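Peer 1: Sharing a structure below in structure tokens format, with a few things to ask.
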Amino acid sequence: ASGDAGQEPVLQVRIINFNFETVQVTWSPRRYSGTNLTFVYKLSSAEASRPCCNYIVHEGHTAGCLLEARKDEILCFSLGNGTDILFRKCEWISAYLKPSSPEQLSFRWHEDAVTVTCSDLPYKRLLYEIQYKSIFDTEWQSKEGETCNVTMQGLDSEKCYFFRARVKTLESSYGSDTYPSDWSKVTHQQRGELRDSCQGKKLFPKFIL
Amino acid sequence: YNFTDCDFEKIRKKYQEVIYQALNKYMNGVKSTEFNNYIYCEDPPDCLAKIDLITFYPTHGCTTLAKEIFAVRTNATLTLQCPGYSGTQINNTQAKKKRKKRQVTTNKCLEQVSHLMELWRRFSRIS
């Protein structure tokens with residue numbers, strides 16, 4: 001996010017909305033380094049503005065603020081040096097959403113296909129991306145779904161596969177400034193069962209050329 | 001007009017299929033977050049009422065949105081999915097003629113359309 005449209009921003013401000021739980025606003029003062037800037041904010045559901053009560057401090061100076069924001073609403077905030085307001089902005093916090101990573105992936109194998117499911121996040125218009133590869137593949141393959149229930153075909157259940165998942169937002173619903181979630185931890189599957197890893201003995205594919 | 005009885009799911013799908021690209025095309029790379037003001041809508045009917053107002057009612061400095069492609073599609077969608085909504089009488093040929101004779105997009109219109117994008121995004125998140 002930056003200051004008024006078109007002018008060189010006094011401050012470089014970055015907003016991350018961690019899964020509608022915590023919003024982190026960080027700033028790096030171009031011309032005001034070494035100054036303790038104060039952050040005052042108001043959420044659209046709140047009665048009044050309030051000063052930050054959870055600053056992030058870097059090299060002895062305020063560099064960010066962590067605030068609780070539990071729903072899809074507008075955050076208005078300002079940054080000042082005690083005498084002047086240096087930066088002012090209002091934004092939907094959903095515009096900077098970073099969903100949490102999917103957890104507890106579960107697998108249902110049926111012949112050469114597997115359906116991967118996990119619990120959907122409590123808000124809408126997301127894309128659940130599943131990536132998979134076997135020990136013979138160098139690149140991940142990707143499949144997406146609007147719910148966490150994604151089926152991938154053409155797999156060889158004899159092979160050992162790596163799976164991972166993440167969540168992205170739909171640009172038409174959240175804009176282009178959001179962040180994909182971190183990848184889930186990698187899960188290994190072979191013959192429809194969970195494996196600790198895929199290193200084990202190299203299994204030759206069914207069809208040897 | 002009270003937008004409470006509209007079919008929000010169908011409107012949301014139409015927005016994602018055809019209206020969103022037209023809005024994006026109009027903005028031509030200008031990001032809606034570049035405008036340092038915002039617009040709020042509470043629930044789907046409130047969002048549609050504000051979308052209708054900004055799209056079809058000229059304001060000072062921006063009088064031409066109703067003829068844009070996104071407006072024609074918005075008008076068609078609301079007329080189809082909102083019982084009793086009469087909408088504005090703009091047909092496709094007028095919109096096409098407008099596209100040939102491209103006027104300069106004023107900054108005020110870009111600001112208005114950036115508001116529209118925020119309202120449509122909010123509408124799609126909650127419906």
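Labeling convention for the structure tokens: chains A, B, ... as they appear, residues from 1 per chain, ligands from 1 in order of appearance.
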Skip Ile51 (chain B) itself and residues of its chain fewer than 2 positions away, then list as a compact mmCIF listing (two decimals) with N, CA, C and O atoms, in the first residue's frame all residues within 8 Å of it, counting only C-alpha atoms.
Peer 2:
```txt
# COMPACT_ATOMS: atom_id res chain seq x y z
N CYS B 47 -24.89 -3.71 -1.14
CA CYS B 47 -23.84 -3.63 -2.17
C CYS B 47 -24.46 -3.37 -3.55
O CYS B 47 -24.00 -2.50 -4.29
N LEU B 48 -25.53 -4.10 -3.87
CA LEU B 48 -26.14 -3.93 -5.20
C LEU B 48 -26.74 -2.53 -5.34
O LEU B 48 -26.66 -1.92 -6.42
N ALA B 49 -27.31 -2.00 -4.26
CA ALA B 49 -27.90 -0.65 -4.34
C ALA B 49 -26.81 0.36 -4.66
O ALA B 49 -26.98 1.24 -5.52
N LEU B 53 -26.28 2.63 -8.07
CA LEU B 53 -26.17 4.09 -7.98
C LEU B 53 -24.94 4.60 -8.75
O LEU B 53 -25.05 5.50 -9.59
N ILE B 54 -23.80 3.99 -8.49
CA ILE B 54 -22.55 4.48 -9.10
C ILE B 54 -22.54 4.17 -10.60
O ILE B 54 -22.10 4.98 -11.41
N THR B 55 -23.10 3.01 -10.98
CA THR B 55 -23.02 2.60 -12.39
C THR B 55 -23.94 3.43 -13.27
O THR B 55 -23.54 3.86 -14.35
N LEU B 116 -16.55 0.78 -7.70
CA LEU B 116 -17.40 -0.31 -8.18
C LEU B 116 -16.71 -1.65 -7.97
O LEU B 116 -17.31 -2.63 -7.51
N LEU B 119 -16.91 -2.69 -4.41
CA LEU B 119 -18.27 -3.12 -4.05
C LEU B 119 -18.55 -4.51 -4.61
O LEU B 119 -19.10 -5.39 -3.93
N TRP B 120 -18.19 -4.74 -5.88
CA TRP B 120 -18.42 -6.06 -6.49
C TRP B 120 -17.60 -7.13 -5.76
O TRP B 120 -18.05 -8.25 -5.51
```
Peer 1: Rank nothing, just name the residue among A:Lys89, A:Arg166, A:Lys42, A:His61 nearest to Leu126 (chain A), using only C-alpha atoms.
Peer 2: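 Ranked by minimum distance to Leu126 (chain A), first place goes to A:Arg166.
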Peer 1: Can you work out the spacing between CA of Ala71 (chain B) and CA of Glu34 (chain B) in Å, to one decimal?
Peer 2: 22.1 Å
Peer 1: Rank A:Glu129, A:Ala165, A:Gly82, A:His58 by their smallest atom-to-atom distance to Thr187 (chain A), using only C-alpha atoms, and report the top residue only.
Peer 2: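 Ranked by minimum distance to Thr187 (chain A), first place goes to A:Ala165.
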Peer 1: Determine which residues of chain B sit within 12 Å of chain A, taking into account only C-alpha atoms, and present them as number ranges by chain.
Peer 2: B: 12-24, 29-43, 107, 110-111, 114-127
Peer 1: For Thr178 (chain A), find every residue with an atom within 7 Å (counting only C-alpha atoms), except residues of its own chain fewer than 4 positions away, and show them as a VMD selection string.
Peer 2: chain A and resid 95 to 98
Peer 1: Any chance you could export the current selection's N, CA and C atoms as a short mmCIF file (atom, residue, chain, number, x, y, z; two decimals), in the first residue's frame?
Peer 2:
```
data_model
loop_
_atom_site.label_atom_id
_atom_site.label_comp_id
_atom_site.auth_asym_id
_atom_site.auth_seq_id
_atom_site.Cartn_x
_atom_site.Cartn_y
_atom_site.Cartn_z
N ALA A 95 -8.27 -7.30 1.28
CA ALA A 95 -7.43 -7.06 0.09
C ALA A 95 -6.00 -7.55 0.32
N TYR A 96 -5.66 -7.82 1.60
CA TYR A 96 -4.29 -8.25 1.90
C TYR A 96 -4.28 -9.58 2.65
N LEU A 97 -5.25 -10.40 2.30
CA LEU A 97 -5.44 -11.67 3.01
C LEU A 97 -4.33 -12.67 2.71
N LYS A 98 -3.87 -13.32 3.75
CA LYS A 98 -3.01 -14.49 3.58
C LYS A 98 -3.69 -15.63 4.33
#
```
Peer 1: Using CA of Glu68 (chain B) and CA of Thr4 (chain B) as the two end points, give the distance in Å to one decimal.
Peer 2: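 Between these atoms lies a distance of 25.5 Å.
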Peer 1: Give me the residues near Cys6 (chain B) as a PyMOL selection string, where near means some atom within 8 Å (using only C-alpha atoms) and where sequence neighbours in that chain fewer than 2 positions away do not count.
Peer 2: chain B and resi 3-4+8+45+78+81-83
Peer 1: Please, which residues of region 50-102 of chain A, numbered as in this document, come out strand (DSSP E) from DSSP, as a ChimeraX atom specification?
Peer 2: /A:50-51,55-58,61-68,74-80,85-92,97-98
Peer 1: I need the residues from that last selection saved to file as a CSV table (one decimal), in the first residue's frame (with C-alpha atoms), if you can.
Peer 2:
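Below you can see out37.csv, which holds the result:
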```csv
chain,number,residue,atom,x,y,z
A,50,ARG,CA,-7.2,3.8,19.0
A,51,PRO,CA,-3.4,3.8,19.2
A,55,TYR,CA,4.1,-2.4,18.2
A,56,ILE,CA,6.8,-4.3,16.2
A,57,VAL,CA,10.1,-2.7,17.2
A,58,HIS,CA,13.1,-2.9,14.9
A,61,HIS,CA,12.2,2.1,16.7
A,62,THR,CA,8.6,1.3,15.9
A,63,ALA,CA,8.4,-0.6,12.6
A,64,GLY,CA,5.0,-2.1,12.6
A,65,CYS,CA,1.8,-2.9,14.5
A,66,LEU,CA,-0.1,-6.1,15.1
A,67,LEU,CA,-3.8,-5.7,15.6
A,68,GLU,CA,-6.7,-8.1,15.9
A,74,ILE,CA,-12.2,-1.7,6.5
A,75,LEU,CA,-9.1,-0.6,8.3
A,76,CYS,CA,-8.3,3.1,8.4
A,77,PHE,CA,-5.0,4.0,9.9
A,78,SER,CA,-2.5,6.9,10.1
A,79,LEU,CA,1.2,7.1,10.9
A,80,GLY,CA,2.6,10.3,12.5
A,85,ILE,CA,0.5,12.9,10.1
A,86,LEU,CA,2.8,11.4,7.5
A,87,PHE,CA,0.6,8.7,6.0
A,88,ARG,CA,-3.1,7.9,6.0
A,89,LYS,CA,-4.9,5.0,4.4
A,90,CYS,CA,-8.2,3.1,4.4
A,91,GLU,CA,-8.4,-0.4,3.0
A,92,TRP,CA,-10.6,-3.5,3.1
A,97,LEU,CA,-5.4,-11.7,3.0
A,98,LYS,CA,-3.0,-14.5,3.6
```
Peer 1: Find the residue from A:Gly154, A:Thr115, A:Val23, A:Cys160 that sits nearest to Ser197 (chain A); use only C-alpha atoms when measuring.
Peer 2: A:Cys160
Peer 1: Please list as a list in words every residue within 9 Å of region 138-144 of chain A, counting only C-alpha atoms and excluding residues in the same chain fewer than 6 positions away.
Peer 2: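 So, after excluding close chain neighbours, the residues are Leu127, Tyr128, Glu129, Ile130, Gln131, Tyr132, Val150, Thr151, Met152, Phe162 and Phe163 of chain A.
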Peer 1: Kindly save the residues from that selection, with N, CA, C and O atoms included, as an mmCIF file, in the first residue's frame.
Peer 2:
```cif
data_model
loop_
_atom_site.group_PDB
_atom_site.id
_atom_site.type_symbol
_atom_site.label_atom_id
_atom_site.label_comp_id
_atom_site.auth_asym_id
_atom_site.auth_seq_id
_atom_site.Cartn_x
_atom_site.Cartn_y
_atom_site.Cartn_z
ATOM 1 N N LEU A 127 -9.293 -20.633 -3.683
ATOM 2 C CA LEU A 127 -8.875 -21.727 -4.558
ATOM 3 C C LEU A 127 -7.947 -22.639 -3.758
ATOM 4 O O LEU A 127 -6.950 -22.163 -3.199
ATOM 5 N N TYR A 128 -8.309 -23.911 -3.663
ATOM 6 C CA TYR A 128 -7.468 -24.878 -2.954
ATOM 7 C C TYR A 128 -6.595 -25.574 -3.993
ATOM 8 O O TYR A 128 -7.131 -26.198 -4.931
ATOM 9 N N GLU A 129 -5.296 -25.414 -3.862
ATOM 10 C CA GLU A 129 -4.367 -25.977 -4.848
ATOM 11 C C GLU A 129 -3.662 -27.188 -4.236
ATOM 12 O O GLU A 129 -3.065 -27.095 -3.151
ATOM 13 N N ILE A 130 -3.761 -28.320 -4.928
ATOM 14 C CA ILE A 130 -3.044 -29.529 -4.509
ATOM 15 C C ILE A 130 -1.917 -29.765 -5.514
ATOM 16 O O ILE A 130 -2.139 -29.716 -6.735
ATOM 17 N N GLN A 131 -0.722 -29.999 -4.991
ATOM 18 C CA GLN A 131 0.393 -30.356 -5.876
ATOM 19 C C GLN A 131 0.858 -31.767 -5.539
ATOM 20 O O GLN A 131 0.814 -32.174 -4.366
ATOM 21 N N TYR A 132 1.269 -32.495 -6.574
ATOM 22 C CA TYR A 132 1.710 -33.876 -6.341
ATOM 23 C C TYR A 132 2.815 -34.235 -7.342
ATOM 24 O O TYR A 132 2.907 -33.625 -8.422
ATOM 25 N N VAL A 150 -10.375 -32.200 -4.060
ATOM 26 C CA VAL A 150 -9.782 -32.137 -5.400
ATOM 27 C C VAL A 150 -9.371 -33.543 -5.827
ATOM 28 O O VAL A 150 -8.735 -34.267 -5.047
ATOM 29 N N THR A 151 -9.790 -33.947 -7.036
ATOM 30 C CA THR A 151 -9.479 -35.287 -7.534
ATOM 31 C C THR A 151 -8.446 -35.206 -8.646
ATOM 32 O O THR A 151 -8.570 -34.368 -9.540
ATOM 33 N N MET A 152 -7.435 -36.060 -8.555
ATOM 34 C CA MET A 152 -6.401 -36.114 -9.586
ATOM 35 C C MET A 152 -6.424 -37.496 -10.205
ATOM 36 O O MET A 152 -6.491 -38.519 -9.500
ATOM 37 N N PHE A 162 4.446 -37.674 -3.432
ATOM 38 C CA PHE A 162 4.489 -36.546 -2.498
ATOM 39 C C PHE A 162 3.237 -35.693 -2.782
ATOM 40 O O PHE A 162 2.889 -35.494 -3.952
ATOM 41 N N PHE A 163 2.596 -35.210 -1.725
ATOM 42 C CA PHE A 163 1.458 -34.294 -1.888
ATOM 43 C C PHE A 163 1.663 -33.090 -0.977
ATOM 44 O O PHE A 163 2.186 -33.229 0.133
#
```
Peer 1: Step one, run DSSP on the backbone; step two, keep only residues of region 13-209 of chain A assigned to helix (DSSP H, G or I); then write them as a list in words.
Peer 2: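 Restricting region 13-209 of chain A to helix (DSSP H, G or I) produces Ile93, Ser94, Ala95, Tyr96, Glu171, Ser172, Ser173 and Tyr174 of chain A.
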Peer 1: Quick one, how far is CA of Lys168 (chain A) from CA of Cys52 (chain A)?
Peer 2: 29.1 Å
